[in-house]
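Before any comments, here is the structure.
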Amino acid sequence: TSGLFPAVTDETRPGAHALVRSFTVPANAISVDVSFQMFVDNYANRAIGPTLDFRGNPNQHARVDILAADATVFDTSSVITNLYLGSDLGNQSNPYRSYQFNLGSLLRPGQTYQLRFADVANQGLLHMGVDACYIVAEVPEPASITMLLLGLVIFAGLHWRQIGRAH
């Protein structure tokens with residue numbers, strides 16, 4: 001629920017952090033929406049590096065990814081899609097921003113995936129906050145399917161009746 005239990009990183013030295021949530025797309029899903037609120041405060045004033053490795057090369061950014069079910073937490077080679085990569089620069093607290101994505105064309109019904117929020121920092125402080133995260137799959141209502149089938153049966157019956165009268 002928005003505002004009750006946000007997740008916030010607050011590191012004081014180099015490191016990488018991840019929050020991962022698995023989800024399964026219903027077999028009869030028509031669409032899948034992912035929404036969340038997030039801020040990324042980057043006190044190093046630059047965002048660099050696409051991996052989550054904080055050792056060695058300069059690396060300072062946040063990312064939000066959809067991963068396969070069997071991907072490891074810090075893996076960046078099996079990302080199905082990236083929803084966010086970067087940070088808000090400046091020595092200030094940034095407000096939460098809202099993000100929303102329709103992933104229906106990327107995700108297969110019946111499959112399990114992981115939603116990952118992660119950050120890496122070895123150039124200075126980087127704080128990431130996530131709240132109000134929702135994964136919503138739209139599925140047809142059984143009543144709608146029944147009404148559609150009933151309508152098709154009635155339409156077919158009327159059609160065949162008209163053909164019978166024509167002969």
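Just so we're on the same page: first chain in the structure tokens is A, next is B, and so on; residues restart at 1 for each chain, and ligands are numbered from 1 in the order they show up.
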Closest contacts (region 80-148 of chain A/region 42-53 of chain A, max 10 Å, only C-alpha atoms) as a tab-separated table:
```
residue	atom	partner	partner_atom	distance
A:Leu85	CA	A:Pro50	CA	7.8
A:Gly86	CA	A:Ala47	CA	5.8
A:Ser87	CA	A:Asn42	CA	6.1
A:Asp88	CA	A:Asn42	CA	5.9
A:Leu89	CA	A:Asn45	CA	4.9
A:Gly90	CA	A:Asn45	CA	5.6
A:Asn91	CA	A:Tyr43	CA	5.1
A:Gln92	CA	A:Tyr43	CA	7.8
A:Ser93	CA	A:Asn42	CA	9.1
A:Asn94	CA	A:Asn42	CA	9.4
A:Ala118	CA	A:Leu52	CA	7.9
A:Asp119	CA	A:Leu52	CA	7.0
A:Val120	CA	A:Leu52	CA	5.6
A:Ala121	CA	A:Leu52	CA	8.6
A:Asn122	CA	A:Ala44	CA	9.1
A:Gln123	CA	A:Ala44	CA	5.9
A:Gly124	CA	A:Ala44	CA	4.9
A:Leu125	CA	A:Tyr43	CA	5.3
A:Leu126	CA	A:Asn42	CA	4.5
A:His127	CA	A:Asn42	CA	6.6
A:Met128	CA	A:Asn42	CA	8.6
```
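Note that CA of Arg63 (chain A) and CA of Gly110 (chain A) are 25.5 Å apart.
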Next item on the list: Could you tell me, as JSON, numbers by chain, which residues of chain A DSSP assigns to alpha helix (DSSP H) when given the backbone?
Entry: {"A": [142, 143, 144, 145, 146, 147, 148, 149, 150, 151, 152, 153, 154, 155, 156, 157, 158, 159, 160, 161, 162, 163, 164, 165, 166]}
Check: Using the chain letters and numbers from this document, which residues of chain A does DSSP assign to strand (DSSP E or B), as a count of residues only?
Finding: 73
Note to self: Can you pull out the residues contacting region 30-35 of chain A? Cut-off 9 Å, using only C-alpha atoms, and skip same-chain residues under 6 positions away; I want them as a ChimeraX atom specification.
What the structure shows: /A:98-105,107,109,132-140
What does the file look like for those residues with all heavy atoms, as a compact mmCIF listing (two decimals), in the first residue's frame?
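File produced: selection-v3.txt:
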```txt
# COMPACT_ATOMS: atom_id res chain seq x y z
N SER A 98 6.11 8.66 -10.39
CA SER A 98 5.28 7.51 -10.75
C SER A 98 5.70 6.96 -12.11
O SER A 98 5.96 7.72 -13.04
CB SER A 98 3.80 7.92 -10.81
OG SER A 98 3.37 8.31 -9.53
N TYR A 99 5.73 5.64 -12.20
CA TYR A 99 6.08 4.94 -13.43
C TYR A 99 5.00 3.90 -13.70
O TYR A 99 4.51 3.26 -12.77
CB TYR A 99 7.43 4.24 -13.30
CG TYR A 99 8.58 5.18 -13.08
CD1 TYR A 99 8.93 5.60 -11.79
CD2 TYR A 99 9.31 5.69 -14.15
CE1 TYR A 99 9.98 6.48 -11.59
CE2 TYR A 99 10.37 6.57 -13.95
CZ TYR A 99 10.69 6.95 -12.66
OH TYR A 99 11.73 7.83 -12.46
N GLN A 100 4.65 3.72 -14.98
CA GLN A 100 3.68 2.70 -15.35
C GLN A 100 4.06 2.14 -16.72
O GLN A 100 4.38 2.88 -17.64
CB GLN A 100 2.27 3.26 -15.39
CG GLN A 100 1.24 2.20 -15.68
CD GLN A 100 -0.18 2.68 -15.46
OE1 GLN A 100 -0.41 3.79 -15.01
NE2 GLN A 100 -1.13 1.83 -15.77
N PHE A 101 4.00 0.81 -16.82
CA PHE A 101 4.37 0.12 -18.05
C PHE A 101 3.35 -0.97 -18.37
O PHE A 101 2.95 -1.70 -17.48
CB PHE A 101 5.75 -0.54 -17.91
CG PHE A 101 6.83 0.43 -17.52
CD1 PHE A 101 7.12 0.68 -16.19
CD2 PHE A 101 7.54 1.11 -18.49
CE1 PHE A 101 8.10 1.57 -15.82
CE2 PHE A 101 8.53 2.01 -18.14
CZ PHE A 101 8.82 2.24 -16.81
N ASN A 102 2.99 -1.08 -19.65
CA ASN A 102 2.17 -2.20 -20.10
C ASN A 102 3.12 -3.21 -20.72
O ASN A 102 3.79 -2.91 -21.71
CB ASN A 102 1.12 -1.76 -21.11
CG ASN A 102 0.25 -2.92 -21.53
OD1 ASN A 102 0.73 -3.89 -22.11
ND2 ASN A 102 -1.02 -2.84 -21.22
N LEU A 103 3.19 -4.40 -20.14
CA LEU A 103 4.14 -5.42 -20.59
C LEU A 103 3.46 -6.61 -21.26
O LEU A 103 4.07 -7.66 -21.44
CB LEU A 103 4.96 -5.91 -19.39
CG LEU A 103 5.72 -4.81 -18.64
CD1 LEU A 103 6.42 -5.39 -17.44
CD2 LEU A 103 6.70 -4.11 -19.55
N GLY A 104 2.20 -6.44 -21.64
CA GLY A 104 1.44 -7.54 -22.23
C GLY A 104 2.10 -8.15 -23.45
O GLY A 104 2.03 -9.36 -23.66
N SER A 105 2.77 -7.34 -24.27
CA SER A 105 3.38 -7.88 -25.48
C SER A 105 4.72 -8.59 -25.20
O SER A 105 5.21 -9.34 -26.04
CB SER A 105 3.60 -6.76 -26.50
OG SER A 105 4.48 -5.79 -25.96
N LEU A 107 5.46 -10.35 -22.06
CA LEU A 107 5.35 -11.44 -21.11
C LEU A 107 4.36 -12.49 -21.60
O LEU A 107 3.30 -12.16 -22.12
CB LEU A 107 4.91 -10.91 -19.74
CG LEU A 107 5.78 -9.79 -19.17
CD1 LEU A 107 5.26 -9.38 -17.80
CD2 LEU A 107 7.24 -10.19 -19.10
N PRO A 109 1.67 -15.53 -21.10
CA PRO A 109 0.75 -16.07 -20.09
C PRO A 109 1.23 -17.42 -19.58
O PRO A 109 1.77 -18.24 -20.32
CB PRO A 109 -0.56 -16.21 -20.87
CG PRO A 109 -0.46 -15.18 -21.96
CD PRO A 109 0.99 -15.17 -22.34
N ALA A 132 4.49 1.75 -3.48
CA ALA A 132 3.26 1.58 -4.27
C ALA A 132 3.51 0.75 -5.53
O ALA A 132 3.15 1.15 -6.63
CB ALA A 132 2.67 2.95 -4.63
N CYS A 133 4.10 -0.41 -5.36
CA CYS A 133 4.41 -1.29 -6.48
C CYS A 133 3.23 -2.24 -6.72
O CYS A 133 2.79 -2.93 -5.81
CB CYS A 133 5.68 -2.08 -6.18
SG CYS A 133 6.11 -3.23 -7.49
N TYR A 134 2.76 -2.24 -7.97
CA TYR A 134 1.62 -3.10 -8.33
C TYR A 134 1.92 -3.82 -9.64
O TYR A 134 2.45 -3.23 -10.58
CB TYR A 134 0.34 -2.29 -8.50
CG TYR A 134 -0.10 -1.60 -7.24
CD1 TYR A 134 0.22 -0.27 -7.00
CD2 TYR A 134 -0.84 -2.28 -6.28
CE1 TYR A 134 -0.18 0.36 -5.83
CE2 TYR A 134 -1.24 -1.66 -5.11
CZ TYR A 134 -0.90 -0.33 -4.90
OH TYR A 134 -1.30 0.29 -3.74
N ILE A 135 1.55 -5.09 -9.69
CA ILE A 135 1.58 -5.87 -10.92
C ILE A 135 0.14 -6.34 -11.12
O ILE A 135 -0.39 -7.09 -10.30
CB ILE A 135 2.54 -7.07 -10.81
CG1 ILE A 135 3.95 -6.59 -10.49
CG2 ILE A 135 2.51 -7.88 -12.11
CD1 ILE A 135 4.90 -7.70 -10.10
N VAL A 136 -0.48 -5.88 -12.20
CA VAL A 136 -1.90 -6.15 -12.42
C VAL A 136 -2.07 -6.81 -13.79
O VAL A 136 -1.66 -6.25 -14.80
CB VAL A 136 -2.74 -4.86 -12.36
CG1 VAL A 136 -4.20 -5.16 -12.64
CG2 VAL A 136 -2.57 -4.17 -11.02
N ALA A 137 -2.66 -7.99 -13.79
CA ALA A 137 -2.96 -8.69 -15.04
C ALA A 137 -4.45 -8.58 -15.32
O ALA A 137 -5.28 -8.82 -14.43
CB ALA A 137 -2.56 -10.15 -14.95
N GLU A 138 -4.79 -8.19 -16.53
CA GLU A 138 -6.19 -8.12 -16.91
C GLU A 138 -6.58 -9.46 -17.52
O GLU A 138 -5.93 -9.93 -18.47
CB GLU A 138 -6.42 -7.01 -17.92
CG GLU A 138 -7.87 -6.85 -18.32
CD GLU A 138 -8.09 -5.76 -19.34
OE1 GLU A 138 -7.17 -4.98 -19.61
OE2 GLU A 138 -9.20 -5.71 -19.89
N VAL A 139 -7.61 -10.06 -16.97
CA VAL A 139 -8.13 -11.33 -17.49
C VAL A 139 -9.60 -11.13 -17.83
O VAL A 139 -10.30 -10.36 -17.18
CB VAL A 139 -7.96 -12.49 -16.48
CG1 VAL A 139 -6.49 -12.77 -16.23
CG2 VAL A 139 -8.65 -12.18 -15.18
N PRO A 140 -10.08 -11.83 -18.86
CA PRO A 140 -11.50 -11.68 -19.20
C PRO A 140 -12.38 -12.23 -18.09
O PRO A 140 -12.05 -13.24 -17.47
CB PRO A 140 -11.66 -12.48 -20.49
CG PRO A 140 -10.45 -13.32 -20.61
CD PRO A 140 -9.38 -12.73 -19.73
```
Next item on the list: Go through A:Ala29, A:Val20, A:Val130, A:Val153 one by one, measure the shortest atom-to-atom distance of each to Leu115 (chain A) using only C-alpha atoms, and give the residue with the smallest value.
Entry: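 Selected residue with least distance to Leu115 (chain A): A:Val20.
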Notebook entry, point to check: Which residue out of A:Thr9, A:Pro26, A:Gly129, A:Arg116 has the minimum interatomic distance to Ala71 (chain A) when only C-alpha atoms are used?
Noted result: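 Comparing A:Thr9, A:Pro26, A:Gly129, A:Arg116 against Ala71 (chain A), the winner is A:Arg116.
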Note to self: Considering only C-alpha atoms, can you say which of A:Glu11, A:Asp65, A:Asp131, A:Asp41 comes closest to Phe117 (chain A)?
What the structure shows: A:Asp65
Margin query: One number please: CA of Phe54 (chain A) to CA of Asp10 (chain A), in Å, one decimal.
Written below: 15.4 Å
